[in-house]
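**Q** What follows is data-v8.txt; its format and atoms are compact mmCIF, C-alpha atoms and all ligand atoms.
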# COMPACT_ATOMS: atom_id res chain seq x y z
CA MET A 1 -35.45 -3.55 -16.60
CA LYS A 2 -35.47 -1.00 -19.38
CA ILE A 3 -34.85 1.86 -16.99
CA ALA A 4 -32.12 0.00 -15.12
CA GLY A 5 -30.46 -0.78 -18.43
CA ALA A 6 -30.64 2.84 -19.54
CA VAL A 7 -29.20 4.04 -16.23
CA ALA A 8 -26.37 1.52 -16.46
CA ALA A 9 -25.62 2.69 -20.00
CA LEU A 10 -25.57 6.31 -18.86
CA LEU A 11 -23.31 5.49 -15.93
CA GLY A 12 -21.07 3.54 -18.29
CA CYS A 13 -20.78 6.55 -20.55
CA ALA A 14 -20.12 8.88 -17.67
CA SER A 15 -17.32 6.76 -16.25
CA ALA A 16 -15.79 6.24 -19.68
CA ALA A 17 -15.80 9.99 -20.27
CA GLU A 18 -14.32 10.56 -16.82
CA ALA A 19 -11.56 8.03 -17.49
CA ALA A 20 -10.76 9.69 -20.79
CA SER A 21 -10.38 13.09 -19.12
CA LYS A 22 -8.15 11.82 -16.32
CA LEU A 23 -4.41 12.26 -16.54
CA ASN A 24 -2.96 8.82 -17.32
CA VAL A 25 0.15 8.40 -15.18
CA VAL A 26 2.51 5.44 -15.55
CA THR A 27 5.41 4.99 -13.13
CA ALA A 28 8.47 2.75 -13.40
CA THR A 29 8.03 1.42 -9.84
CA GLN A 30 5.25 0.93 -7.31
CA ASP A 31 6.89 3.42 -4.91
CA LEU A 32 6.42 6.23 -7.41
CA ALA A 33 2.88 4.98 -8.11
CA ALA A 34 2.10 5.11 -4.38
CA LEU A 35 3.34 8.71 -4.16
CA ALA A 36 1.47 9.66 -7.34
CA THR A 37 -1.74 8.29 -5.80
CA GLU A 38 -1.15 10.26 -2.58
CA VAL A 39 -1.06 13.49 -4.61
CA GLY A 40 -3.36 12.68 -7.52
CA GLY A 41 -6.13 10.84 -5.68
CA ASP A 42 -9.02 9.86 -7.92
CA HIS A 43 -8.38 12.73 -10.34
CA ILE A 44 -5.64 10.76 -12.08
CA ALA A 45 -5.25 7.14 -13.22
CA VAL A 46 -2.02 5.50 -12.00
CA ASP A 47 -0.31 2.30 -13.06
CA SER A 48 3.22 1.05 -12.46
CA ILE A 49 5.44 -1.23 -14.50
CA ALA A 50 7.85 -3.00 -12.12
CA ARG A 51 6.34 -4.84 -9.14
CA GLY A 52 7.71 -4.13 -5.66
CA TYR A 53 8.85 -7.73 -5.16
CA GLN A 54 11.08 -7.54 -8.26
CA ASP A 55 14.66 -6.29 -8.43
CA PRO A 56 14.11 -2.89 -10.08
CA HIS A 57 17.49 -3.12 -11.81
CA PHE A 58 16.51 -6.28 -13.67
CA VAL A 59 12.88 -6.41 -14.80
CA GLU A 60 11.84 -8.75 -17.58
CA PRO A 61 9.93 -6.76 -20.21
CA LYS A 62 6.42 -7.99 -21.05
CA PRO A 63 4.03 -6.99 -23.87
CA SER A 64 1.63 -5.57 -21.25
CA PHE A 65 4.26 -2.93 -20.37
CA LEU A 66 4.04 -1.55 -23.91
CA LEU A 67 0.26 -1.24 -23.68
CA LYS A 68 0.62 0.80 -20.48
CA LEU A 69 3.22 3.08 -22.05
CA GLN A 70 1.19 3.61 -25.22
CA LYS A 71 -1.67 5.12 -23.18
CA ALA A 72 0.44 7.24 -20.81
CA ASP A 73 0.24 11.04 -20.62
CA LEU A 74 3.07 11.04 -18.10
CA LEU A 75 5.84 8.55 -17.31
CA ALA A 76 7.64 9.01 -13.97
CA VAL A 77 10.94 7.16 -13.56
CA VAL A 78 13.41 6.71 -10.69
CA GLY A 79 16.37 7.53 -12.95
CA LEU A 80 20.12 7.33 -12.17
CA GLN A 81 20.13 4.35 -14.57
CA LEU A 82 17.99 2.18 -12.25
CA GLU A 83 15.76 1.23 -15.18
CA ILE A 84 18.43 1.35 -17.91
CA GLY A 85 18.40 -2.42 -18.43
CA TRP A 86 14.75 -2.65 -19.38
CA LEU A 87 12.84 0.62 -19.78
CA PRO A 88 14.49 2.66 -22.59
CA PRO A 89 13.65 0.18 -25.43
CA LEU A 90 10.04 0.00 -24.19
CA ILE A 91 9.72 3.79 -24.28
CA THR A 92 11.00 3.85 -27.86
CA GLN A 93 8.84 0.93 -28.97
CA SER A 94 5.71 2.47 -27.43
CA GLY A 95 5.81 5.12 -30.17
CA ASN A 96 4.16 7.49 -27.65
CA SER A 97 5.75 10.87 -28.36
CA LYS A 98 4.50 12.38 -25.06
CA ILE A 99 6.75 10.20 -22.89
CA GLN A 100 9.96 10.18 -24.93
CA VAL A 101 13.02 11.34 -22.96
CA GLY A 102 13.18 15.13 -23.04
CA ASN A 103 9.47 15.59 -23.72
CA PRO A 104 7.07 17.05 -21.11
CA GLY A 105 5.51 13.65 -20.34
CA TYR A 106 8.82 12.14 -19.20
CA LEU A 107 9.71 12.94 -15.60
CA ASP A 108 12.92 11.74 -13.93
CA MET A 109 12.27 11.99 -10.18
CA SER A 110 15.96 11.74 -9.21
CA GLN A 111 16.45 15.41 -10.10
CA PHE A 112 14.29 16.38 -7.11
CA ALA A 113 15.78 14.02 -4.50
CA LYS A 114 18.79 14.06 -2.22
CA ILE A 115 21.20 11.58 -3.84
CA LEU A 116 23.89 9.74 -1.91
CA GLU A 117 27.00 7.82 -3.03
CA ILE A 118 27.63 9.95 -6.11
CA PRO A 119 30.96 8.58 -7.43
CA THR A 120 33.85 11.01 -7.44
CA THR A 121 35.59 9.08 -10.21
CA GLN A 122 34.16 7.76 -13.45
CA VAL A 123 32.30 4.48 -12.88
CA THR A 124 30.96 2.48 -15.81
CA ARG A 125 28.58 -0.43 -15.99
CA ALA A 126 31.39 -2.30 -17.75
CA GLU A 127 32.83 -2.88 -14.28
CA GLY A 128 29.46 -4.31 -13.29
CA ASP A 129 28.51 -1.53 -10.87
CA VAL A 130 24.81 -0.78 -11.40
CA HIS A 131 24.97 2.54 -9.48
CA PRO A 132 27.28 4.58 -11.72
CA LEU A 133 25.51 7.93 -11.19
CA GLY A 134 24.85 7.71 -7.44
CA ASN A 135 22.49 5.59 -5.39
CA PRO A 136 19.08 5.21 -7.08
CA HIS A 137 17.27 3.78 -4.02
CA TYR A 138 16.64 7.30 -2.70
CA TRP A 139 12.86 6.94 -2.11
CA LEU A 140 13.70 5.14 1.16
CA ASP A 141 14.15 8.46 2.97
CA PRO A 142 10.75 10.04 3.77
CA GLU A 143 12.19 13.47 3.03
CA ASN A 144 12.80 12.32 -0.53
CA GLY A 145 9.23 10.95 -0.58
CA ARG A 146 8.09 14.46 0.29
CA ARG A 147 10.22 16.00 -2.47
CA ILE A 148 8.93 13.48 -5.04
CA ALA A 149 5.34 14.22 -4.01
CA LYS A 150 5.95 17.95 -4.40
CA ALA A 151 7.42 17.50 -7.88
CA LEU A 152 4.44 15.33 -8.85
CA ARG A 153 2.02 17.97 -7.54
CA ASP A 154 3.73 20.57 -9.74
CA LYS A 155 3.73 18.30 -12.81
CA PHE A 156 0.11 17.20 -12.40
CA SER A 157 -0.96 20.82 -11.93
CA GLU A 158 0.89 21.87 -15.07
CA MET A 159 -0.73 19.07 -17.10
CA GLN A 160 -4.21 19.34 -15.56
CA PRO A 161 -4.49 22.97 -14.29
CA SER A 162 -8.20 22.72 -13.40
CA ASP A 163 -7.23 20.31 -10.59
CA ALA A 164 -4.26 22.29 -9.23
CA GLY A 165 -6.10 23.15 -6.00
CA TYR A 166 -7.07 19.54 -5.44
CA PHE A 167 -3.51 18.29 -6.01
CA ASN A 168 -2.09 20.93 -3.68
CA GLN A 169 -4.55 20.11 -0.92
CA ARG A 170 -3.69 16.41 -1.20
CA TYR A 171 0.06 17.18 -1.20
CA GLU A 172 -0.32 19.28 1.96
CA ASP A 173 -2.34 16.54 3.65
CA PHE A 174 0.25 13.91 2.66
CA GLY A 175 3.03 16.10 4.11
CA LYS A 176 1.20 16.40 7.44
CA ARG A 177 0.58 12.67 7.68
CA LEU A 178 4.20 12.01 6.79
CA THR A 179 5.48 14.36 9.49
CA ASP A 180 3.30 12.56 12.06
CA ALA A 181 4.48 9.16 10.86
CA GLU A 182 8.13 10.24 11.01
CA LYS A 183 7.72 11.06 14.70
CA ARG A 184 6.43 7.53 15.25
CA TRP A 185 9.25 5.96 13.21
CA ASP A 186 11.93 8.05 14.94
CA ALA A 187 10.64 7.03 18.35
CA ALA A 188 10.65 3.35 17.38
CA MET A 189 14.19 3.52 15.99
CA ALA A 190 15.66 5.75 18.74
CA PRO A 191 16.99 2.83 20.88
CA TYR A 192 18.86 1.42 17.88
CA ARG A 193 20.55 4.51 16.47
CA GLY A 194 24.20 3.81 15.68
CA ARG A 195 23.69 0.05 15.26
CA LYS A 196 25.83 -1.57 12.58
CA VAL A 197 24.28 -3.80 9.92
CA ILE A 198 25.23 -5.71 6.78
CA THR A 199 22.95 -5.39 3.73
CA TYR A 200 22.82 -7.57 0.62
CA HIS A 201 22.60 -4.78 -1.99
CA ARG A 202 23.27 -1.08 -1.55
CA SER A 203 19.54 -0.34 -1.30
CA TRP A 204 19.60 1.37 2.06
CA PRO A 205 21.98 4.36 2.30
CA ASN A 206 19.16 6.92 2.41
CA PHE A 207 17.10 4.84 4.83
CA CYS A 208 20.06 4.16 7.12
CA GLU A 209 21.25 7.76 7.12
CA ARG A 210 17.74 8.93 7.99
CA PHE A 211 17.21 6.43 10.82
CA GLY A 212 20.75 6.32 12.18
CA LEU A 213 21.97 2.87 11.15
CA GLN A 214 25.50 2.19 9.97
CA VAL A 215 25.96 -0.11 6.97
CA VAL A 216 29.39 -1.67 7.37
CA ASP A 217 29.53 -4.06 4.40
CA TYR A 218 27.45 -5.72 1.69
CA VAL A 219 26.88 -9.36 0.70
CA GLU A 220 27.41 -8.27 -2.91
CA PRO A 221 31.04 -7.31 -3.58
CA LYS A 222 29.70 -4.51 -5.85
CA PRO A 223 26.12 -3.39 -6.62
CA GLY A 224 24.79 -5.91 -9.12
CA ILE A 225 27.65 -8.42 -8.71
CA PRO A 226 26.68 -11.74 -7.03
CA PRO A 227 28.50 -12.87 -3.86
CA THR A 228 31.94 -14.48 -4.15
CA PRO A 229 33.47 -16.87 -1.59
CA ALA A 230 36.37 -14.50 -0.88
CA HIS A 231 34.09 -11.52 -0.25
CA THR A 232 31.70 -13.62 1.85
CA LEU A 233 34.62 -14.57 4.09
CA GLU A 234 35.51 -10.88 4.49
CA VAL A 235 31.93 -10.11 5.52
CA ILE A 236 32.01 -12.92 8.10
CA ASN A 237 35.28 -11.60 9.53
CA THR A 238 33.95 -8.03 9.67
CA MET A 239 30.79 -9.17 11.46
CA LYS A 240 32.80 -11.14 14.03
CA ARG A 241 35.26 -8.29 14.58
CA ASP A 242 32.54 -5.62 15.03
CA ASN A 243 29.98 -7.92 16.69
CA ILE A 244 27.40 -7.24 13.95
CA LYS A 245 24.34 -9.47 14.15
CA LEU A 246 21.92 -8.28 11.49
CA ILE A 247 21.97 -8.99 7.74
CA LEU A 248 19.28 -7.15 5.74
CA VAL A 249 18.23 -8.82 2.49
CA GLU A 250 15.91 -7.58 -0.25
CA PRO A 251 13.10 -10.07 -1.09
CA TYR A 252 14.42 -10.93 -4.57
CA PHE A 253 17.85 -12.25 -3.56
CA ASP A 254 18.84 -15.85 -2.89
CA LEU A 255 19.01 -16.42 0.86
CA ARG A 256 21.70 -19.12 0.77
CA THR A 257 24.73 -16.82 1.17
CA PRO A 258 23.07 -14.57 3.81
CA ASN A 259 21.97 -17.67 5.73
CA SER A 260 25.48 -19.16 5.66
CA ILE A 261 26.91 -15.84 6.88
CA ALA A 262 24.33 -15.77 9.68
CA GLN A 263 25.22 -19.32 10.64
CA ALA A 264 28.94 -18.52 10.77
CA THR A 265 28.44 -15.40 12.89
CA GLY A 266 25.45 -16.20 15.09
CA GLY A 267 23.59 -13.46 13.22
CA THR A 268 20.04 -13.02 11.97
CA VAL A 269 18.74 -12.49 8.44
CA ALA A 270 15.83 -10.04 8.01
CA VAL A 271 14.07 -9.67 4.65
CA LEU A 272 13.46 -5.92 4.57
CA LEU A 273 11.29 -4.41 1.83
CA PRO A 274 12.82 -1.76 -0.42
CA SER A 275 9.50 -1.12 -2.19
CA VAL A 276 5.77 -0.78 -1.87
CA GLY A 277 4.34 -4.10 -3.11
CA GLY A 278 7.28 -6.09 -1.72
CA VAL A 279 4.62 -8.10 0.08
CA LYS A 280 0.88 -8.04 -0.61
CA GLU A 281 -0.15 -6.11 2.49
CA VAL A 282 2.25 -3.20 1.88
CA THR A 283 0.22 -1.10 -0.53
CA ASN A 284 1.25 2.47 0.27
CA TYR A 285 4.27 4.59 1.20
CA PHE A 286 3.44 4.68 4.91
CA GLN A 287 2.96 0.92 5.17
CA LEU A 288 6.40 0.43 3.60
CA PHE A 289 8.18 2.24 6.46
CA ASP A 290 5.83 0.75 9.07
CA TYR A 291 6.70 -2.75 7.86
CA ASP A 292 10.45 -2.16 7.70
CA ILE A 293 10.72 -0.35 11.02
CA ASN A 294 8.61 -2.97 12.82
CA LEU A 295 10.81 -5.71 11.39
CA LEU A 296 14.02 -3.88 12.34
CA VAL A 297 12.81 -3.29 15.89
CA SER A 298 11.87 -6.95 16.37
CA SER A 299 15.13 -8.12 14.75
CA PHE A 300 17.29 -5.88 16.94
CA ALA A 301 15.36 -7.05 19.98
CA LYS A 302 16.13 -10.66 19.00
CA THR A 303 19.84 -10.05 18.40
CA LYS A 304 20.22 -7.93 21.55
ZN ZN A 401 20.69 -0.78 -6.68
Take the structure in the file and write it out as structure tokens.

**A**
Amino acid sequence: MKIAGAVAALLGCASAAEAASKLNVVTATQDLAALATEVGGDHIAVDSIARGYQDPHFVEPKPSFLLKLQKADLLAVVGLQLEIGWLPPLITQSGNSKIQVGNPGYLDMSQFAKILEIPTTQVTRAEGDVHPLGNPHYWLDPENGRRIAKALRDKFSEMQPSDAGYFNQRYEDFGKRLTDAEKRWDAAMAPYRGRKVITYHRSWPNFCERFGLQVVDYVEPKPGIPPTPAHTLEVINTMKRDNIKLILVEPYFDLRTPNSIAQATGGTVAVLLPSVGGVKEVTNYFQLFDYDINLLVSSFAKTK
């Protein structure tokens, strides 16, 4: 008993010391956490704030978020004002100087990604549009996943140089697995390239550009603005005119309007996941695309 106790105490100390030496990474979303884990493996500790089943534009702050931010060495955010409604006050209140905007522990991933829908005229949130700087749902193109992973490798290596080789090896391995997976996803989507779809929110421009789908209209009249009867009627008319049968809805939106549109047009509603953690079984970046592409393939098959 004595020996077992002593060993347990030693192990406890060792793991506590190990935890203290690990880079403590906090991400705004589970997608960034998944990519951080791909690169950082067990040489970093990763936690995310928003859950993948929540609308990342509108997250209700909780005291537990502050605790996470207080301990962070690095905070990785999506940027482009995705988190503007909830994250900035938490960063300030955390009092953690490392992760304040402009400091080395604050990393905005949007600067590394290919960004679509950048407005050519000034757009303000006063008009209700929650995408005023371009589309922030950019992680839904695997190429952007690769770019985010690369930027994380560089940042982790800068902050924890003794593990640079480890991070690089994991980044290279992730890239290879992603290239293989993309071949699989491309093959699955090949029969449906050029298909037109309606989506609830503008979450999918990067995904649809990458996999050859055409988004013709949105259930929301503007990003962040709930459906209106007049706009819903327009969507119904567009679907009938262009023979569009598929309406893609993020898991956190009310299904009543999409269902009524489907009923009026003979269409189908598919709840596609914009994020890792959107459902329990989708726990990494690969599973996210596997889930969505499987669902799209079965939905297109159903709608013919
Ligand atoms: Zn959005």

**Q** Please determine, counting all atoms listed in the file, which residue among A:Asp129, A:Glu83, A:Asp217, A:Glu143 has the shortest atom-to-atom distance to Asp108 of chain A.

**A**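 That would be A:Glu83, the residue with the smallest distance to Asp108 of chain A.
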
**Q** Ligand ZN 401 (chain A): which residues are within 8 Å, counting all atoms listed in the file? Reply as a PyMOL selection string.

**A** chain A and resi 56-57+82+130-131+135-137+201-203+223-224

**Q** Could you jot down the atom CA of Asp290 of chain A to atom CA of Cys208 of chain A separation for me, Å, one decimal place?

**A**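 Pair atom CA of Asp290 of chain A / atom CA of Cys208 of chain A returns 14.8 Å.
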
**Q** Which residue out of A:Val59, A:Ser21, A:Lys98, A:Pro251 has the minimum interatomic distance to Ile84 of chain A when only C-alpha atoms are used?

**A**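 Checking each candidate against Ile84 of chain A, we get A:Val59 as the closest.
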
**Q** Set the distance at 10 Å and use all atoms listed in the file: which residues neighbour Leu273 of chain A once local chain neighbours fewer than 5 positions away are removed? I'd like the list as number ranges by chain.

**A** A: 52-53, 140, 203, 248-252, 278-279, 282, 288-289, 291-292, 295

**Q** How would the residues just chosen look if you wrote them out with C-alpha atoms as a tab-separated table (two decimals), keeping the file's coordinate frame?

**A**
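Produced file result.tsv, reproduced below:
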chain	number	residue	atom	x	y	z
A	52	GLY	CA	7.71	-4.13	-5.66
A	53	TYR	CA	8.85	-7.73	-5.16
A	140	LEU	CA	13.70	5.14	1.16
A	203	SER	CA	19.54	-0.34	-1.30
A	248	LEU	CA	19.28	-7.15	5.74
A	249	VAL	CA	18.23	-8.82	2.49
A	250	GLU	CA	15.91	-7.58	-0.25
A	251	PRO	CA	13.10	-10.07	-1.09
A	252	TYR	CA	14.42	-10.93	-4.57
A	278	GLY	CA	7.28	-6.09	-1.72
A	279	VAL	CA	4.62	-8.10	0.08
A	282	VAL	CA	2.25	-3.20	1.88
A	288	LEU	CA	6.40	0.43	3.60
A	289	PHE	CA	8.18	2.24	6.46
A	291	TYR	CA	6.70	-2.75	7.86
A	292	ASP	CA	10.45	-2.16	7.70
A	295	LEU	CA	10.81	-5.71	11.39

**Q** Pick from A:Ile293, A:Ala164, A:Ala34, A:Ala113: nearest to Gly134 of chain A, with all atoms listed in the file counted?

**A** A:Ala113

**Q** To one decimal place, how far is atom CA of Gly194 of chain A from atom CA of Gly212 of chain A in Å?

**A**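 Atom-to-atom, atom CA of Gly194 of chain A to atom CA of Gly212 of chain A, that is 5.5 Å.
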
**Q** Quick one, how far is atom CA of Leu213 of chain A from atom CA of Gly277 of chain A?

**A**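 About the pair atom CA of Leu213 of chain A and atom CA of Gly277 of chain A: they are 23.7 Å apart.
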
**Q** Would you mind telling me which residue in A:Gln111, A:Ser299, A:Thr120, A:Gln169 lies nearest to Leu246 of chain A when using only C-alpha atoms?

**A** A:Ser299
